[in-house]
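Have a look at my_file-v9.json; it's JSON, C-alpha atoms:
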```json
[["chain", "number", "residue", "atom", "x", "y", "z"],
["A", 1, "MET", "CA", 0.00, 0.00, 0.00],
["A", 2, "ASP", "CA", 1.05, 3.55, -0.62],
["A", 3, "LYS", "CA", 2.57, 5.27, 2.44],
["A", 4, "ILE", "CA", 0.16, 8.20, 2.28],
["A", 5, "PHE", "CA", -2.79, 5.78, 2.16],
["A", 6, "LYS", "CA", -1.50, 3.84, 5.18],
["A", 7, "GLN", "CA", -0.83, 7.01, 7.14],
["A", 8, "ALA", "CA", -4.26, 8.46, 6.34],
["A", 9, "LEU", "CA", -5.91, 5.16, 7.25],
["A", 10, "THR", "CA", -4.06, 5.14, 10.57],
["A", 11, "VAL", "CA", -5.16, 8.71, 11.28],
["A", 12, "ALA", "CA", -8.79, 7.80, 10.52],
["A", 13, "ILE", "CA", -8.71, 4.72, 12.78],
["A", 14, "VAL", "CA", -7.02, 6.50, 15.68],
["A", 15, "THR", "CA", -9.20, 9.61, 15.39],
["A", 16, "ASP", "CA", -12.35, 7.49, 15.41],
["A", 17, "ALA", "CA", -11.12, 5.33, 18.28],
["A", 18, "VAL", "CA", -10.19, 8.27, 20.51],
["A", 19, "ASP", "CA", -13.46, 9.99, 19.68],
["A", 20, "PHE", "CA", -15.39, 6.82, 20.51],
["A", 21, "LEU", "CA", -13.71, 6.66, 23.92],
["A", 22, "PHE", "CA", -14.49, 10.34, 24.48],
["A", 23, "HIS", "CA", -18.15, 9.81, 23.62],
["A", 24, "PHE", "CA", -18.32, 6.62, 25.68],
["A", 25, "PHE", "CA", -16.96, 8.15, 28.87],
["A", 26, "LEU", "CA", -17.65, 11.89, 28.69],
["A", 27, "THR", "CA", -20.75, 12.54, 26.61],
["A", 28, "ARG", "CA", -24.38, 11.55, 26.67],
["A", 29, "PRO", "CA", -26.00, 10.11, 24.62],
["A", 30, "MET", "CA", -23.63, 8.05, 22.49],
["A", 31, "GLU", "CA", -23.27, 9.16, 18.89],
["A", 32, "SER", "CA", -24.67, 7.14, 15.99],
["A", 33, "LEU", "CA", -22.81, 4.75, 13.69],
["A", 34, "THR", "CA", -23.37, 7.20, 10.82],
["A", 35, "TYR", "CA", -21.51, 9.86, 12.75],
["A", 36, "PHE", "CA", -18.47, 7.63, 13.23],
["A", 37, "VAL", "CA", -18.49, 6.60, 9.57],
["A", 38, "ILE", "CA", -18.61, 10.26, 8.50],
["A", 39, "LYS", "CA", -15.82, 11.08, 10.91],
["A", 40, "PHE", "CA", -13.72, 8.17, 9.64],
["A", 41, "LEU", "CA", -14.07, 9.24, 6.01],
["A", 42, "LEU", "CA", -13.51, 12.91, 6.75],
["A", 43, "SER", "CA", -10.39, 12.31, 8.83],
["A", 44, "PHE", "CA", -9.07, 9.96, 6.16],
["A", 45, "PHE", "CA", -9.40, 12.52, 3.37],
["A", 46, "VAL", "CA", -8.15, 15.48, 5.44],
["A", 47, "ALA", "CA", -5.15, 13.40, 6.53],
["A", 48, "ALA", "CA", -4.50, 12.32, 2.94],
["A", 49, "ALA", "CA", -4.52, 15.99, 1.91],
["A", 50, "LEU", "CA", -2.12, 16.80, 4.76],
["A", 51, "PHE", "CA", 0.34, 14.05, 3.90],
["A", 52, "SER", "CA", 0.22, 15.00, 0.22],
["A", 53, "LEU", "CA", 1.29, 18.58, 0.89],
["A", 54, "LYS", "CA", 4.65, 19.50, -0.63],
["A", 55, "SER", "CA", 5.59, 21.52, 2.44],
["A", 56, "TRP", "CA", 4.80, 18.47, 4.57],
["A", 57, "GLN", "CA", 6.93, 16.12, 2.53],
["A", 58, "ALA", "CA", 9.83, 18.58, 2.37],
["A", 59, "GLN", "CA", 10.78, 18.05, 6.03],
["A", 60, "SER", "CA", 9.60, 21.55, 6.79],
["A", 61, "SER", "CA", 10.27, 23.02, 10.22],
["A", 62, "LYS", "CA", 6.66, 24.16, 10.30],
["A", 63, "LYS", "CA", 5.25, 20.65, 10.34],
["A", 64, "LEU", "CA", 3.71, 20.91, 13.78],
["A", 65, "SER", "CA", 2.00, 24.17, 12.94],
["A", 66, "ILE", "CA", 0.64, 22.54, 9.78],
["A", 67, "VAL", "CA", -0.72, 19.64, 11.84],
["A", 68, "VAL", "CA", -2.50, 22.05, 14.18],
["A", 69, "LEU", "CA", -3.91, 23.97, 11.23],
["A", 70, "PHE", "CA", -5.24, 20.78, 9.65],
["A", 71, "GLY", "CA", -6.65, 19.69, 12.99],
["A", 72, "LEU", "CA", -8.62, 22.90, 13.17],
["A", 73, "ILE", "CA", -9.73, 22.52, 9.55],
["A", 74, "PHE", "CA", -10.91, 18.98, 10.30],
["A", 75, "SER", "CA", -12.76, 20.18, 13.37],
["A", 76, "THR", "CA", -14.43, 22.96, 11.42],
["A", 77, "LEU", "CA", -15.53, 20.47, 8.77],
["A", 78, "MET", "CA", -17.00, 18.21, 11.47],
["A", 79, "SER", "CA", -18.94, 21.16, 12.86],
["A", 80, "THR", "CA", -20.12, 21.95, 9.35],
["A", 81, "TYR", "CA", -21.40, 18.37, 9.07],
["A", 82, "TYR", "CA", -23.28, 18.72, 12.35],
["A", 83, "ARG", "CA", -24.90, 22.00, 11.32],
["A", 84, "ALA", "CA", -25.68, 20.76, 7.80],
["A", 85, "TRP", "CA", -27.36, 17.68, 9.24],
["A", 86, "GLU", "CA", -29.41, 19.77, 11.66],
["A", 87, "LEU", "CA", -30.53, 22.45, 9.27],
["A", 88, "GLY", "CA", -30.47, 20.65, 5.93],
["A", 89, "GLU", "CA", -31.40, 17.03, 6.53],
["A", 90, "ALA", "CA", -33.24, 16.68, 9.84],
["A", 91, "ARG", "CA", -34.55, 20.26, 9.97],
["A", 92, "VAL", "CA", -34.12, 20.51, 13.71],
["A", 93, "PRO", "CA", -33.05, 23.52, 15.79],
["A", 94, "PHE", "CA", -29.47, 24.75, 15.50],
["A", 95, "GLY", "CA", -27.16, 22.96, 17.93],
["A", 96, "SER", "CA", -29.62, 20.27, 19.02],
["A", 97, "ARG", "CA", -27.63, 17.35, 17.56],
["A", 98, "ALA", "CA", -24.55, 17.70, 19.76],
["A", 99, "PRO", "CA", -24.63, 15.42, 22.82],
["A", 100, "ASP", "CA", -24.08, 16.82, 26.31],
["A", 101, "ILE", "CA", -20.50, 16.81, 27.58],
["A", 102, "ILE", "CA", -20.41, 15.72, 31.20],
["A", 103, "GLY", "CA", -19.42, 18.67, 33.38],
["A", 104, "ILE", "CA", -19.88, 21.38, 30.77],
["A", 105, "ALA", "CA", -23.07, 23.39, 30.87],
["A", 106, "ARG", "CA", -24.78, 23.35, 27.52],
["A", 107, "ASP", "CA", -25.99, 26.91, 27.89],
["A", 108, "ASN", "CA", -22.38, 28.13, 28.16],
["A", 109, "LEU", "CA", -22.16, 28.32, 24.39],
["A", 110, "PHE", "CA", -18.55, 29.53, 24.25],
["A", 111, "LEU", "CA", -17.22, 26.75, 26.47],
["A", 112, "PHE", "CA", -19.49, 24.06, 25.04],
["A", 113, "SER", "CA", -18.79, 24.72, 21.37],
["A", 114, "GLY", "CA", -15.12, 25.48, 22.15],
["A", 115, "ALA", "CA", -14.73, 22.11, 23.84],
["A", 116, "TRP", "CA", -16.21, 20.35, 20.82],
["A", 117, "TRP", "CA", -14.03, 22.33, 18.43],
["A", 118, "LEU", "CA", -10.81, 21.75, 20.36],
["A", 119, "GLY", "CA", -11.76, 18.14, 21.06],
["A", 120, "HIS", "CA", -12.28, 17.16, 17.45],
["A", 121, "ALA", "CA", -9.07, 18.94, 16.44],
["A", 122, "MET", "CA", -7.15, 17.24, 19.24],
["A", 123, "PHE", "CA", -8.33, 13.75, 18.28],
["A", 124, "PHE", "CA", -7.19, 14.36, 14.70],
["A", 125, "ILE", "CA", -3.79, 15.66, 15.85],
["A", 126, "ILE", "CA", -3.34, 12.60, 18.05],
["A", 127, "GLY", "CA", -4.09, 10.47, 14.98],
["A", 128, "VAL", "CA", -1.47, 12.30, 12.92],
["A", 129, "LEU", "CA", 1.14, 12.00, 15.65],
["A", 130, "VAL", "CA", 0.48, 8.26, 15.96],
["A", 131, "ALA", "CA", 0.63, 7.81, 12.16],
["A", 132, "ARG", "CA", 3.93, 9.71, 11.98],
["A", 133, "ARG", "CA", 5.35, 7.61, 14.77],
["A", 134, "PHE", "CA", 4.30, 4.15, 13.61],
["A", 135, "VAL", "CA", 3.84, 4.25, 9.81],
["A", 136, "LYS", "CA", 7.28, 4.52, 8.31],
["A", 137, "SER", "CA", 6.94, 3.13, 4.80],
["B", 1, "MET", "CA", 5.17, 34.94, 26.97],
["B", 2, "PHE", "CA", 5.12, 34.80, 30.78],
["B", 3, "TYR", "CA", 2.00, 36.95, 30.95],
["B", 4, "CYS", "CA", 0.33, 34.46, 28.61],
["B", 5, "PHE", "CA", 1.51, 31.59, 30.81],
["B", 6, "TYR", "CA", 0.22, 33.35, 33.94],
["B", 7, "ASP", "CA", -3.14, 33.88, 32.23],
["B", 8, "ILE", "CA", -3.39, 30.16, 31.39],
["B", 9, "ILE", "CA", -2.54, 29.16, 34.97],
["B", 10, "LYS", "CA", -5.25, 31.46, 36.30],
["B", 11, "LYS", "CA", -7.71, 29.79, 33.97],
["B", 12, "LEU", "CA", -6.62, 26.38, 35.27],
["B", 13, "GLU", "CA", -7.36, 27.54, 38.79],
["B", 14, "MET", "CA", -10.78, 28.76, 37.72],
["B", 15, "LEU", "CA", -11.54, 25.29, 36.34],
["B", 16, "GLU", "CA", -11.02, 23.79, 39.82],
["B", 17, "MET", "CA", -8.68, 21.08, 38.54],
["B", 18, "PRO", "CA", -6.80, 18.87, 41.00],
["B", 19, "GLY", "CA", -3.47, 20.43, 41.97],
["B", 20, "ARG", "CA", -1.29, 17.65, 40.58],
["B", 21, "LEU", "CA", -2.97, 17.63, 37.18],
["B", 22, "ARG", "CA", -2.80, 21.41, 37.05],
["B", 23, "SER", "CA", 0.92, 21.34, 37.86],
["B", 24, "ILE", "CA", 1.67, 18.77, 35.16],
["B", 25, "LEU", "CA", -0.28, 20.68, 32.53],
["B", 26, "SER", "CA", 1.33, 23.96, 33.62],
["B", 27, "LEU", "CA", 4.82, 22.51, 33.26],
["B", 28, "LEU", "CA", 3.87, 21.01, 29.89],
["B", 29, "ILE", "CA", 2.60, 24.36, 28.61],
["B", 30, "LEU", "CA", 5.66, 26.23, 29.93],
["B", 31, "TYR", "CA", 8.05, 23.70, 28.40],
["B", 32, "SER", "CA", 6.21, 23.81, 25.08],
["B", 33, "MET", "CA", 6.29, 27.59, 25.02],
["B", 34, "SER", "CA", 10.02, 27.60, 25.62],
["B", 35, "LYS", "CA", 10.47, 25.18, 22.72],
["B", 36, "ARG", "CA", 7.87, 26.96, 20.58],
["B", 37, "ASN", "CA", 6.18, 23.63, 20.08],
["B", 38, "PHE", "CA", 2.75, 24.82, 19.05],
["B", 39, "ALA", "CA", 1.21, 21.38, 18.57],
["B", 40, "VAL", "CA", 2.00, 20.41, 22.17],
["B", 41, "ILE", "CA", 0.73, 23.77, 23.45],
["B", 42, "PHE", "CA", -2.49, 23.18, 21.55],
["B", 43, "LEU", "CA", -2.84, 19.63, 22.88],
["B", 44, "ALA", "CA", -2.20, 20.77, 26.45],
["B", 45, "ILE", "CA", -4.76, 23.56, 26.25],
["B", 46, "GLY", "CA", -7.22, 21.13, 24.68],
["B", 47, "LEU", "CA", -6.68, 18.73, 27.57],
["B", 48, "VAL", "CA", -7.25, 21.59, 30.00],
["B", 49, "VAL", "CA", -10.58, 22.41, 28.40],
["B", 50, "LEU", "CA", -11.77, 18.82, 28.14],
["B", 51, "SER", "CA", -10.48, 17.26, 31.34],
["B", 52, "GLY", "CA", -10.60, 20.41, 33.41],
["B", 53, "CYS", "CA", -14.13, 21.27, 32.52],
["B", 54, "SER", "CA", -15.31, 17.74, 33.11],
["B", 55, "LEU", "CA", -13.99, 18.05, 36.64],
["B", 56, "GLN", "CA", -16.11, 21.10, 37.38],
["B", 57, "LYS", "CA", -18.31, 20.64, 40.39],
["B", 58, "LYS", "CA", -21.93, 20.22, 39.51],
["B", 59, "PRO", "CA", -24.87, 19.35, 41.67],
["B", 60, "ILE", "CA", -25.63, 15.67, 41.32],
["B", 61, "GLU", "CA", -29.00, 15.04, 39.82],
["B", 62, "LYS", "CA", -30.75, 11.76, 40.30],
["B", 63, "ILE", "CA", -31.79, 10.65, 36.86],
["B", 64, "ASN", "CA", -32.38, 7.40, 35.13],
["B", 65, "THR", "CA", -29.75, 6.79, 32.49],
["B", 66, "ALA", "CA", -30.25, 4.53, 29.50],
["B", 67, "GLY", "CA", -30.16, 0.89, 30.43],
["B", 68, "GLU", "CA", -30.74, 1.38, 34.15],
["B", 69, "ILE", "CA", -34.41, 0.57, 34.11],
["B", 70, "SER", "CA", -34.96, -3.14, 33.91],
["B", 71, "GLN", "CA", -38.57, -3.46, 35.01],
["B", 72, "PRO", "CA", -41.19, -1.98, 32.72],
["B", 73, "LYS", "CA", -43.79, 0.16, 34.41],
["B", 74, "THR", "CA", -47.27, -1.27, 34.23],
["B", 75, "GLY", "CA", -50.35, 0.80, 33.72],
["B", 76, "ALA", "CA", -48.54, 4.07, 33.07],
["B", 77, "ASP", "CA", -49.34, 5.82, 29.83],
["B", 78, "ALA", "CA", -47.00, 8.80, 30.09],
["B", 79, "VAL", "CA", -43.35, 9.06, 29.10],
["B", 80, "LYS", "CA", -41.15, 11.99, 30.07],
["B", 81, "ILE", "CA", -38.27, 13.08, 27.85],
["B", 82, "GLY", "CA", -35.52, 14.60, 29.95],
["B", 83, "HIS", "CA", -31.71, 14.58, 30.15],
["B", 84, "PHE", "CA", -31.45, 12.64, 26.87],
["B", 85, "VAL", "CA", -33.52, 9.78, 28.30],
["B", 86, "PHE", "CA", -37.04, 8.44, 27.81],
["B", 87, "GLU", "CA", -38.39, 7.86, 31.28],
["B", 88, "PRO", "CA", -39.57, 5.23, 31.88],
["B", 89, "LYS", "CA", -37.64, 3.44, 29.19],
["B", 90, "GLU", "CA", -40.28, 0.72, 28.92],
["B", 91, "ILE", "CA", -43.94, 0.85, 29.81],
["B", 92, "VAL", "CA", -46.78, -1.63, 29.60],
["B", 93, "VAL", "CA", -50.18, -0.33, 28.50],
["B", 94, "ASN", "CA", -53.51, -1.90, 27.61],
["B", 95, "THR", "CA", -54.71, -2.20, 24.05],
["B", 96, "GLY", "CA", -56.41, 1.01, 22.96],
["B", 97, "ALA", "CA", -54.46, 3.20, 25.38],
["B", 98, "ALA", "CA", -52.90, 6.44, 24.23],
["B", 99, "VAL", "CA", -49.34, 7.07, 25.36],
["B", 100, "VAL", "CA", -48.31, 10.69, 25.86],
["B", 101, "TRP", "CA", -44.69, 11.80, 25.60],
["B", 102, "THR", "CA", -43.89, 15.08, 27.35],
["B", 103, "HIS", "CA", -40.72, 16.96, 26.50],
["B", 104, "ASP", "CA", -38.81, 18.29, 29.51],
["B", 105, "ASP", "CA", -35.25, 18.82, 28.27],
["B", 106, "ASN", "CA", -33.03, 21.70, 27.13],
["B", 107, "VAL", "CA", -32.50, 20.07, 23.74],
["B", 108, "ALA", "CA", -35.02, 19.32, 20.99],
["B", 109, "HIS", "CA", -36.09, 15.71, 20.46],
["B", 110, "SER", "CA", -38.41, 13.78, 18.21],
["B", 111, "ILE", "CA", -39.98, 10.34, 18.56],
["B", 112, "ILE", "CA", -39.93, 7.78, 15.79],
["B", 113, "SER", "CA", -41.23, 4.24, 15.65],
["B", 114, "PRO", "CA", -40.46, 3.01, 12.12],
["B", 115, "GLY", "CA", -43.61, 2.24, 10.16],
["B", 116, "LEU", "CA", -45.85, 3.32, 13.02],
["B", 117, "PHE", "CA", -45.48, 6.97, 13.97],
["B", 118, "GLU", "CA", -43.17, 9.95, 13.76],
["B", 119, "SER", "CA", -43.59, 13.06, 15.88],
["B", 120, "GLU", "CA", -42.72, 16.62, 15.06],
["B", 121, "VAL", "CA", -39.59, 18.07, 16.67],
["B", 122, "LEU", "CA", -40.55, 18.72, 20.29],
["B", 123, "GLN", "CA", -39.24, 21.56, 22.46],
["B", 124, "ARG", "CA", -39.61, 21.92, 26.22],
["B", 125, "GLY", "CA", -43.26, 21.58, 27.19],
["B", 126, "GLY", "CA", -44.19, 19.97, 23.89],
["B", 127, "LYS", "CA", -46.32, 16.82, 23.82],
["B", 128, "PHE", "CA", -46.96, 13.96, 21.45],
["B", 129, "SER", "CA", -49.44, 11.14, 21.81],
["B", 130, "PHE", "CA", -50.17, 7.95, 19.97],
["B", 131, "LYS", "CA", -52.94, 5.40, 20.46],
["B", 132, "PHE", "CA", -51.92, 1.75, 20.37],
["B", 133, "ASP", "CA", -54.74, -0.37, 18.93],
["B", 134, "LYS", "CA", -52.93, -3.70, 18.59],
["B", 135, "PRO", "CA", -51.03, -5.79, 21.15],
["B", 136, "GLY", "CA", -47.30, -6.13, 20.67],
["B", 137, "GLU", "CA", -43.97, -4.58, 21.50],
["B", 138, "TYR", "CA", -43.18, -1.28, 19.85],
["B", 139, "SER", "CA", -39.66, 0.14, 19.96],
["B", 140, "TYR", "CA", -39.04, 3.80, 19.31],
["B", 141, "TYR", "CA", -36.10, 6.22, 19.31],
["B", 142, "CYS", "CA", -35.27, 9.90, 19.12],
["B", 143, "GLY", "CA", -34.86, 11.04, 15.52],
["B", 144, "ILE", "CA", -32.15, 13.54, 16.51],
["B", 145, "HIS", "CA", -30.27, 11.33, 18.99],
["B", 146, "PRO", "CA", -30.81, 7.73, 17.79],
["B", 147, "SER", "CA", -29.17, 6.14, 20.83],
["B", 148, "MET", "CA", -32.10, 7.42, 22.92],
["B", 149, "THR", "CA", -34.48, 4.48, 22.77],
["B", 150, "GLY", "CA", -37.64, 3.24, 24.47],
["B", 151, "LYS", "CA", -40.27, 0.56, 24.20],
["B", 152, "ILE", "CA", -44.03, 0.35, 24.60],
["B", 153, "ILE", "CA", -45.48, -3.07, 25.43],
["B", 154, "VAL", "CA", -49.16, -3.27, 24.53],
["B", 155, "LYS", "CA", -51.17, -6.09, 26.15]]
```
Could you write out this structure as C-alpha cells?
Amino acid sequence: MDKIFKQALTVAIVTDAVDFLFHFFLTRPMESLTYFVIKFLLSFFVAAALFSLKSWQAQSSKKLSIVVLFGLIFSTLMSTYYRAWELGEARVPFGSRAPDIIGIARDNLFLFSGAWWLGHAMFFIIGVLVARRFVKS
Amino acid sequence: MFYCFYDIIKKLEMLEMPGRLRSILSLLILYSMSKRNFAVIFLAIGLVVLSGCSLQKKPIEKINTAGEISQPKTGADAVKIGHFVFEPKEIVVNTGAAVVWTHDDNVAHSIISPGLFESEVLQRGGKFSFKFDKPGEYSYYCGIHPSMTGKIIVK
C-alpha cells in the first residue's frame, strides 16, 4: 500500500477510536454509527490531503503548525457536518444534535462549542502523531 | 510569553482542577512555550478544556440513564423526555391506550417508531401522543439522537 494511504488510514482509525472513547466516557447520549463513519471518512481525506502537501513532505520546520492547522480545519468540517445535518437534513433547531459533555453546561455556548471544536481537532492531531510515529513506509 | 503563561494558569485555577494535574499541565505548557512547540501547546490547552471542565463541580442530579431501568412500568401511559432519556424506558399499557410523551429537556427531540409513527420536533413543554390499537412490542427512538431508545409493550 502507498505510504500516504497507510498514514491516512491510521489517522482515521485512531481519530475514530479516541473519539469513541471520548463519547463513551464523557458525553451523553452516544453518537450514531453514521456519525463515526462520517468522521472516519472525513479524517481519512483530510489526513491524505495533509500528507500530500509538498511543504509536509519537504521536512519543513513548520510541520507541527501545519498539523495544528489541519486539525482545526478537520474540526471545522465536522462542525459543518453537524450543522448541515441539523438544518439541511433533519430540519431541527441549530445545535440540538450535539450530545451533552459531562461537566460542561450546555448553555455556556462559548465553552461548550469550544470544547467540541478543540476536542475534534485534538483527536485528529493525536491520529497524525500516531501515524507519523508508527507508519514509516 | 510569561504573561500568557500566567493567564493560562489562572484559567486552570478557575476550572477547579486537581493540583497535581494542574501542575503537570502547567509545566507542559511552559516547556512547550520555551520550545515553541505549538502542537503540544495546543494539545495541552485542549486537555485543559476537556479534562478540566469535566472536573467542574456540579450538583448531582438523580436521573435514570439509559439501560438502568430493567422493570417496565405497568399501567402508566405517560413518558417523560428529559436529560437525553425516555423515562420510563419501557412501559406496559392496555390495548387502545394512548401514550403521551412530554418533553422536559433543554434540547429538541423527536420520537420515531419506524412504520408506526413519527412526531414533530418537540421543544420543552411539547407533547406527542399515539394510540396503540394492537397488542405487541413497539420500539421507538429519538430522531435527533438515535441512541435514545424506548419501548411500549401493549397487552
> Using all atoms listed in the file, which residues sit within 10 Å of A:Phe74 once same-chain residues fewer than 2 positions away are excluded, as a PyMOL selection string?
Replying inline: chain A and resi 39+42-43+45-47+68-72+76-80+117+120-125
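With atom CA of A:Ser32 on one side and atom CA of B:Gly125 on the other, the separation reads 26.1 Å.
With distances taken over all atoms listed in the file, A:Met30 is the one residue among A:Phe110, A:Met30, A:Ile73, A:Lys136 lying closest to chain B.
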> Could you work out how far atom CA of B:Lys155 lies from atom CA of B:Gly136, giving the answer in Å with one decimal?
Replying inline: 6.7 Å
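The closest residue to B:Gly143, picked from B:His83, B:His109, B:His103, B:Lys127 and counting only C-alpha atoms, is B:His109.
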>> Show me, as a VMD selection string, every residue of chain A with an atom at most 8 Å from chain B, counting only C-alpha atoms.
In response: chain A and resid 26 28 to 32 64 to 65 67 to 68 90 92 to 93 96 to 97 99 101 to 104 115 118 to 119 122
Hey, can you pull every residue with an atom no more than 12 Å from (-42.2, -7.2, 22.5), using only C-alpha atoms, and send it as a compact mmCIF listing (two decimals) with C-alpha atoms, in the frame of the given file?
```txt
# COMPACT_ATOMS: atom_id res chain seq x y z
CA PRO B 72 -41.19 -1.98 32.72
CA GLU B 90 -40.28 0.72 28.92
CA ILE B 91 -43.94 0.85 29.81
CA VAL B 92 -46.78 -1.63 29.60
CA LYS B 134 -52.93 -3.70 18.59
CA PRO B 135 -51.03 -5.79 21.15
CA GLY B 136 -47.30 -6.13 20.67
CA GLU B 137 -43.97 -4.58 21.50
CA TYR B 138 -43.18 -1.28 19.85
CA SER B 139 -39.66 0.14 19.96
CA TYR B 140 -39.04 3.80 19.31
CA GLY B 150 -37.64 3.24 24.47
CA LYS B 151 -40.27 0.56 24.20
CA ILE B 152 -44.03 0.35 24.60
CA ILE B 153 -45.48 -3.07 25.43
CA VAL B 154 -49.16 -3.27 24.53
CA LYS B 155 -51.17 -6.09 26.15
```
>> One number please: atom CA of A:Ser52 to atom CA of A:Lys3, in Å, one decimal.
In response: 10.3 Å
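The protein and nucleic acid residues lying at most 9 Å from A:Leu9 are A:Ile4, A:Val14, A:Phe40, A:Ser43, A:Phe44, A:Ala47, A:Ala48, A:Ala131, with all atoms listed in the file considered and sequence neighbours fewer than 5 positions away removed.
Counting only C-alpha atoms, the residue from A:Ser60, A:Ala84, A:Phe22, A:Thr27 that sits nearest to A:Ala98 is A:Thr27.
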